[in-house]
Structures are given as structure tokens and as C-alpha cells.
Amino acid sequence: MSVTREKLEHLRDILELAAEPAGETGIAKRKAKGIPSARERVRMLLDPGTFVELGALVRKPADGPRGRQEAEPTGRVSTAMYGDGVVTGRGAIDGRPVVVISHDQTVYGGSVSEMFGRKVGAAMEFAYNNACPVVCVNDSGGARIQDGVTSLAWYATMCRRQEDLSGYVPMVAVMLGKCAAGSVYGPINMDVLVATEDSYMFVTGPEVIKAVTGSSVTAEELGGAAALQTNGTVHHVAATEQAAFDWVRDYLSYLPSSCLEQPPVFNPGLEPELTDTDLELDRFMPDSDKAGYDMHEIVLRIFDDGAFHELGAGTARNLITGFARVDGRPVGVVANQPLVLGGALDAACSDKAAHFIRLCDAFNVPLVYVVDTPGVLPGVDEERNQVIKRGGRMFRALIEATVPIVTVVTRKAYGGGYAVMGCKQLGADISLAWPTARLAVMGAESMVSIVGRKQLAVTPPDQRAAVRDQMIDFYNATVATPWTAAERGYIDAVIEPSRTRLEIRRALRLLRDKDARRRANPRKHNLFPM
């Protein structure tokens, strides 16, 4: 046998070992759990045939924990497993480059060590140098206990590399299976976090909590996907791994590869002029201000193709956030949901909105506000939930945004809700209103209880109801209307509801060359109400 042939055969043997580092034990472990391998997960995400693995032969330089034994050319036997618990590489999604990091749960439990950290750091460096998105598939038990402080040091290093990428390229975390201890800080510092229904994430697990505090809690109650979605940690929960990867592919289709580019354009100029679906909006709004309706029905009618990619659908349902397209170009949508809390703003939806606004602004995605809110939700619980501080973040996110912003007021825009939901004074470029819009400090019923209290007190009891109704009607006809706002330039136009889609298209075409530079300021950075 020639030396070259012998070396080639040895290479093939090594690559075979690297493809399945844990051998039959790892295969059996995955089969018992019913999960694909780390590499299969990568292929489920990427365009077929595009994955190029980087660092497949990386492993601990000295013998580590027990693994598959394999003879070196020198005759030495090594027990360190190839890959060191993570698969990294590059590929394509819809033909655009992307870097992928996928934890291998069968190798040291997907735990972090020095070589694991070096591989992830190299992948992030590649993403930075080539300005392409990063998708991390998480299924890890946390730090590798045997490696002690070395593991912790590489956690810190990976977090620092991640900060360089934040706002520069899109980053997506996909949580599959377990994500515990220090491994939670990687995904939470990415732009969005997607999870499957049976996954969970927490810093300290049920066993530790039981030992330290004496409290009993299940993994699902503590950090299950449903619980994390409710509190806003997870942005989307998928039924299956493939559904999670499909959601990620769709999500990335609305974003540029980096902040240096504009978002991708799909089929511009194909949207029709006025349609029957548009005309339905002229008959859509309920006559009663107290009647609810599903804001999704409006959102689906005022953007291209009726398509909408929602973010955070399972948390703070009184506010809708997600992506749509206008004339083929992506936009971010922030809309009140009258079916939940009457569309009132609370602490939780303020966090949701602030995150989404900053996400869109980072990647040059224009914002469209669709407004129907009675203002901030009153209540003791909200005050204790820091609605003031958390609401302040929503204000600041809007003020700092430099992307084009268009606002459409469909019905109520009261009090602080008028301001924070994209008013011109906080940064909207073009503000439109339907004739059904009511812009005021508060609603008529609240006004009567404050301003009309003394007058009602001296009104004969048998006449109070009639006088109250007269005051409400007068307020709604003269104060809470779009006409005063239009007369004073606080909104740019009152439009027919059926023309909303076309007016948004016109507005964004006008704003396409908006200068995104902010006024020079010598400060290092501002201070958010954290």
C-alpha cells in the first residue's frame, strides 16, 4: 500500500469517527430521545447541500473524559472526542450565507469547554468578518464541570464575541431540549429565541432549587417553553424541530444579512391598486367605541399578500409585533390588539415593543404603527410591575429609531398611548388617521367622571343620565376627533380606510431615502430606564 493511499484511508477513518463522535452509544441516546443529530439539525435548517463544516476535527489536546478510543498514526490511543460537543460551519438560507452553531448533546452533554469555546468563537469571528447572520441551535447542559474555571472563561469569551455581533448581523437562537446554567446567557443575548414545545431553559434546575430553598417545581413549570413564552423570554414556540427551523428561515427573509445592507426585496411593484379586500375596511370598524375587533384582520389587509410573520404572539397579546411587506420591502408592524385588555398598554407589552423597535431599527427595517389604544392600563399590579420604567423604554426606543416610521390611527389614541404609539412628536415621519379615529387626553367616559363631576353633582338625579350622555356626545364630536389633530398638523392626513395600504406604500416610497444619521452628540451613550 502506498503512503498516500494509507494516509487517505486514515483520513476517511478519522472523518467517520468525527461524524459520529459518541459512536453507537450516541446513536442509541438520540434514538431513545427521538431527536436528530447535531449535523442533521443543521441540514434541516439550511438550503440542501450548502453546509460546509468548520472544525470537525477539533478536540481536547490532551486525554479528557472517556470517549471512543482511536489510534493515532503515532500509535498513541486518545479518548478525547472529535467536535468537543459542538458542530460549527457555514451554509445558505434562501441562497444567502449564514453561520450555524449546533450543540451535540451526545458529546459530553453538549457542555462547554475550551475547545468548544474556541470553535464557537471562530464561527462568530467568521460571521463578523463576512457580515452574515448567526443561528445557534442550543441543546446543552451548561459548563463542563471537569474543566472548572476554563469552561467559565470560555463562556465569558463567547459572550464578548456575541456582543460584537449584536446589531451588526441578525442572530437567532433555537432552543431544542435542555438549556441550563451558564448556557442560557448565549441564547438570551441573541436577537430572537425560538423553542420547541418540549424544550426548557433555566439557570438553576428543580433539583438545585429543592436543595437550596426546599421548594418543589417541575422543569416545565420552571422553564418550559410555554412558561418562557408567557413571560416574554421566548419569541416563538414551535410544535416540532422542523417547524422551528422553518420559522427561522421565514424570519431571516425579512432581514438583511447585516446592518450594512438593506432588507431583501421580493416581487416589488406586483401589488394591485384598490381591491375588494381594501374596500372591506370602509365597513370594518364597529360603531361602538367599546366594541372589540381583531387587529389581525386589519393588518392582513394593509400589507402585501396578506402575509404577516408575528414575533412574540404568546406574550403580551394586547400588542401585536411582527414583519410584513410593503411593495415587496419588509416593514416592522407594531399594532394594538383591542380584543385583549381593550388594546391598553401595560408593562409587559412595553418590553415587547421596545425590543422589536430596536430590532427593526438595527437592521434598517421601516416601522408601521397601527393604533387603537385607550392608553396605559391602570391598576395597582401595573404600578408594582414597573409600568413607568418599562413604559419609558418603549418611549426611548421610538425616539432613538432612525428608520422611516409611518403611523395609522384607526380608532382610539388616548393619553400616553397617543404618544408612545408612533406620534410625530416622538419621531414618526408620516402620521395618518381614519375618520373613526379619536385623539384625546382620555376617553369621553373618563373625561365626564373628572371634568363633569361637579356639574353632574348639581344635576337632578332623574336627569343625570341624559346630561352625562350629552356631555359624552359633545366631547366625542368636538374634542376626541381626528379633525383637531389634522388642523394643527399633529397628523398629516385623514384617509379613507380602504386607501390605507396604498397610502402606506406611498409614504414609504417617499421616505426611502431618509437620512438615518443622528445629530452629533459628545456623550458616550445615553441611559435607558433600566
# chains A, B, ... in the order shown; residues from 1 in each chain; ligands from 1

$ residues_around --residues "Phe126 (chain A)" --least-positions-apart "4" --cutoff "8 Å" --atoms "only C-alpha atoms" --output "PyMOL selection string"
chain A and resi 99+122+130

$ write_last_selection --atoms "N, CA, C and O atoms" --output "tab-separated table (two decimals), in the first residue's frame"
chain	number	residue	atom	x	y	z
A	99	VAL	N	-23.99	31.57	9.22
A	99	VAL	CA	-23.14	30.75	10.08
A	99	VAL	C	-24.03	29.98	11.04
A	99	VAL	O	-24.99	30.54	11.60
A	122	ALA	N	-14.50	31.03	16.81
A	122	ALA	CA	-14.05	31.09	15.41
A	122	ALA	C	-15.24	31.26	14.46
A	122	ALA	O	-15.16	32.01	13.47
A	130	ASN	N	-17.40	38.28	7.64
A	130	ASN	CA	-18.13	38.12	6.39
A	130	ASN	C	-19.54	38.72	6.45
A	130	ASN	O	-20.32	38.57	5.51

$ residues_around --residues "Ala156 (chain A)" --least-positions-apart "5" --cutoff "10 Å" --atoms "only C-alpha atoms" --output "PyMOL selection string"
chain A and resi 117+151+161-162+182+185-186

$ select_by_dssp --residues "region 266-496 of chain A" --states "helix (DSSP H, G or I)" --output "ChimeraX atom specification"
/A:276-283,295-299,304-306,341-343,347-362,380-384,387-400,415-420,424-426,444-450,453-457,461-478,482-487

$ atom_distance --atom1 "CA of Tyr475 (chain A)" --atom2 "CA of Lys412 (chain A)"
13.7 Å

$ residues_around --residues "Leu456 (chain A)" --least-positions-apart "2" --cutoff "12 Å" --atoms "only C-alpha atoms" --output "ChimeraX atom specification"
/A:448-454,458-471

$ closest_residue --among "A:Thr402, A:Gln425, A:Thr88, A:Thr500" --to "Val370 (chain A)" --atoms "only C-alpha atoms"
A:Thr500
